[in-house]
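A.B. asks: I am attaching a structure below and will ask some questions about it afterwards.
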Amino acid sequence: MDRDGFPRVAKLKDGSSVEISLARAADGPALLDFYRSLSDEDRLVLTDDVTTPDWLARFLAKLDSGAATSLVARADGRICGEATLHRNLHGWSRHVGEIRLNVARDRRGKGVGYALAAGVVKLAIDMGLEKMVAYFVASQVAARKTFERLGFRKEAELARQVTDIRGIKRDLFIYANDVSHIWAAMEALVEDSRPHEGQ
Amino acid sequence: MARTEIRVGGLGGQGIILCGSIIGKAAAIYSGRHAALIQAFGPEARGSACSAQVIVADEAIGYPYVRSPDILVLLSQDAFVQFAPQLKPDGLVLYENELVQVQGKLPVTARALGIPATRFAEELGRRLVLNIVMAGFFTGATNLLSIDAVEKAVLDSVPKGTESLNLKALMKGYEYGRGLATPT
């Protein structure tokens with residue numbers, strides 16, 4: 001196990017378990033298999049077409065550059081869930097990370113999504129990010145609840161912002177989790193000021 | 001009686017005092033030794049000269065001030081100019097090599113080891129952990145304290161939620177210091 005605490009075993013609500021690990025380039029083919037196994041319904045509102053080799057190449061390049069960090073959940077030797085933290089390494093949103101999460105239909109409702117999302121949130125804090133965002137459509141009720149348990153709150157709602165793969169326009173919910181207070185405490189600690197002065 | 005005098009010097013806002021405090025805690029609380037910490041601040045909280053004097057000893061410390069440091073940990077050029085002439089002849093200077101230039105003020109028998117701690121901290125995600133990188137560098141380069149003791153002192157000192165990044169910063173500096181202290 002490395003200092004990020006992965007791989008680790010997550011116990012699920014039904015008593016089974018999954019192994020959560022950091023995705024590596026070698027996981028590429030298995031990741032593509034996972035996304036290709038999702039139904040059209042499950043891929044209805046994904047940002048990218050995650051079934052193509054081009055997507056995988058772009059994704060692995062982002063992992064390599066540090067612009068993305070991914071956790072995969074494995075059970076019975078196959079990937080059953082994936083969560084990615086996307087971040088801008090430069091520019092005005094470099095303190096913000098975007099989290100995307102997908103779980104195989106037959107593994108939903110057991111805690112796989114929560115284990116993955118919690119792991120990515122911890123990675124984001126460990127990277128020094130101050131804010132995380134996640135995007136949902138109205139029908140993703142369970143996913144929104146998962147993120148709410150991790151401190152996310154709805155920050156904006158954009159009407160007809162998403163065109164799903166069937167061409168239907170949907171409202172987009174932007175959820176955010178501001179963790180800047182954690183780093184504010186560290187900033188106060190390194191202030192090097194006299195006690196009771198300038199505080 | 002083994003007594004090691006350490007001066008940590010830099011600017012307010014670099015976490016100089018926290019760095020000194022971690023070294024002292026690691027010695028006194030987690031290594032069963034004695035330690036004393038004296039803090040000195042400039043008139044402003046940020047940007048003015050700031051230093052910490054740390055004594056680590058095997059026996060009780062009667063005089064808590066640094067007279068002639070065995071080890072300097074320096075994070076600003078002004079600190080180098082001020083404290084380098086006080087170094088013991090066979091002393092050790094650990095410096096942030098993008099902030100400090102070592103220029104002819106050291107005893108000829110002294111050693112100086114630099115680390116790009118600011119860059120390391122930024123690569124880890126937060127410039128804020130520069131001082132923890134330096135604490136790790138101190139640990140790896142001096143062998144005065146065990147990394148386990150310093151790790152415990154870091155965990156005891158930093159805010160909840162920041163532990164993991166701070167430990168990464170500590171280990172980054174530690175590994176770099178070990179590499180310089182024991183060249184292959």
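Letters A, B, ... go to the chains of the structure tokens in the order shown; residues in each chain start at 1; ligands are counted from 1 in the same order.
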If you run DSSP on the backbone, which residues of range 35-142 of chain A are alpha helix (DSSP H), as number ranges by chain?
C.D. replies: A: 35-37, 53-65, 112-126, 141-142
A.B. asks: Using only C-alpha atoms, find the residues of chain A whose closest atom to chain B is at most 6 Å away, then write them as a ChimeraX atom specification.
C.D. replies: /A:126-128,190-193
A.B. asks: Within 9 Å of Lys62 in chain A, counting only C-alpha atoms, which residues show up once you throw out same-chain ones fewer than 6 positions away? Write them as a VMD selection string, please.
C.D. replies: chain A and resid 68 to 69 86
A.B. asks: For the selection you just gave me, I'd like the residues written to a file as a PDB file, in the first residue's frame, keeping C-alpha atoms.
C.D. replies:
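So the final result, stored in part.pdb, reads:
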```
ATOM      1  CA  ALA A  68      -6.649  13.233 -13.995  1.00  0.00           C
ATOM      2  CA  THR A  69      -6.439  10.758 -11.140  1.00  0.00           C
ATOM      3  CA  HIS A  86     -10.150  15.917 -13.260  1.00  0.00           C
TER       4      HIS A  86
END
```
A.B. asks: Could you state the separation of CA of Phe147 in chain A and CA of Ser17 in chain A in Å, given to one decimal place?
C.D. replies: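 Answer for the CA of Phe147 in chain A to CA of Ser17 in chain A separation: 20.5 Å.
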A.B. asks: Find, counting only C-alpha atoms, the residue in A:Arg170, A:Arg144, A:Arg108, A:Arg149 that gets nearest to Asp42 in chain A.
C.D. replies: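 Of the candidates, the smallest distance to Asp42 in chain A is held by A:Arg108.
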A.B. asks: Got a sec: who's within 9 Å of Ala84 in chain B, counting only C-alpha atoms, leaving out chain neighbours fewer than 2 positions off, as an MDAnalysis selection string?
C.D. replies: chainID B and resid 72 79:82 86:87 93 105:107
A.B. asks: Of the candidates A:Ala156, A:Val96, A:Ile79, A:Ala25, which shows the shortest atom-to-atom distance to Arg58 in chain A, using only C-alpha atoms?
C.D. replies: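 For Arg58 in chain A, the nearest of the given residues is A:Ala25.
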A.B. asks: From range 31-99 of chain B, collect each residue whose DSSP state is strand (DSSP E) and return the set as a list in words.
C.D. replies: His34, Ala35, Ala36, Leu37, Ile38, Gln39, Ala40, Phe41, Ala49, Cys50, Ser51, Ala52, Gln53, Val54, Ile55, Val56, Ala57, Ile71, Leu72, Val73, Leu74, Leu92, Val93, Leu94, Tyr95 and Glu96 of chain B
A.B. asks: Quick one, how far is CA of Ala141 in chain B from CA of Tyr63 in chain B?
C.D. replies: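 Interatomic distance here is 25.9 Å.
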A.B. asks: For a test of reading the model, state the distance in Å between CA of Asp90 in chain B and CA of Thr109 in chain B, rounded to one decimal.
C.D. replies: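 So the answer is 5.2 Å.
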A.B. asks: Could you check the closest approach to Val137 in chain A for each of A:Trp55, A:Tyr35, A:Tyr114, A:Tyr175 and tell me which residue wins, using only C-alpha atoms?
C.D. replies: A:Tyr175
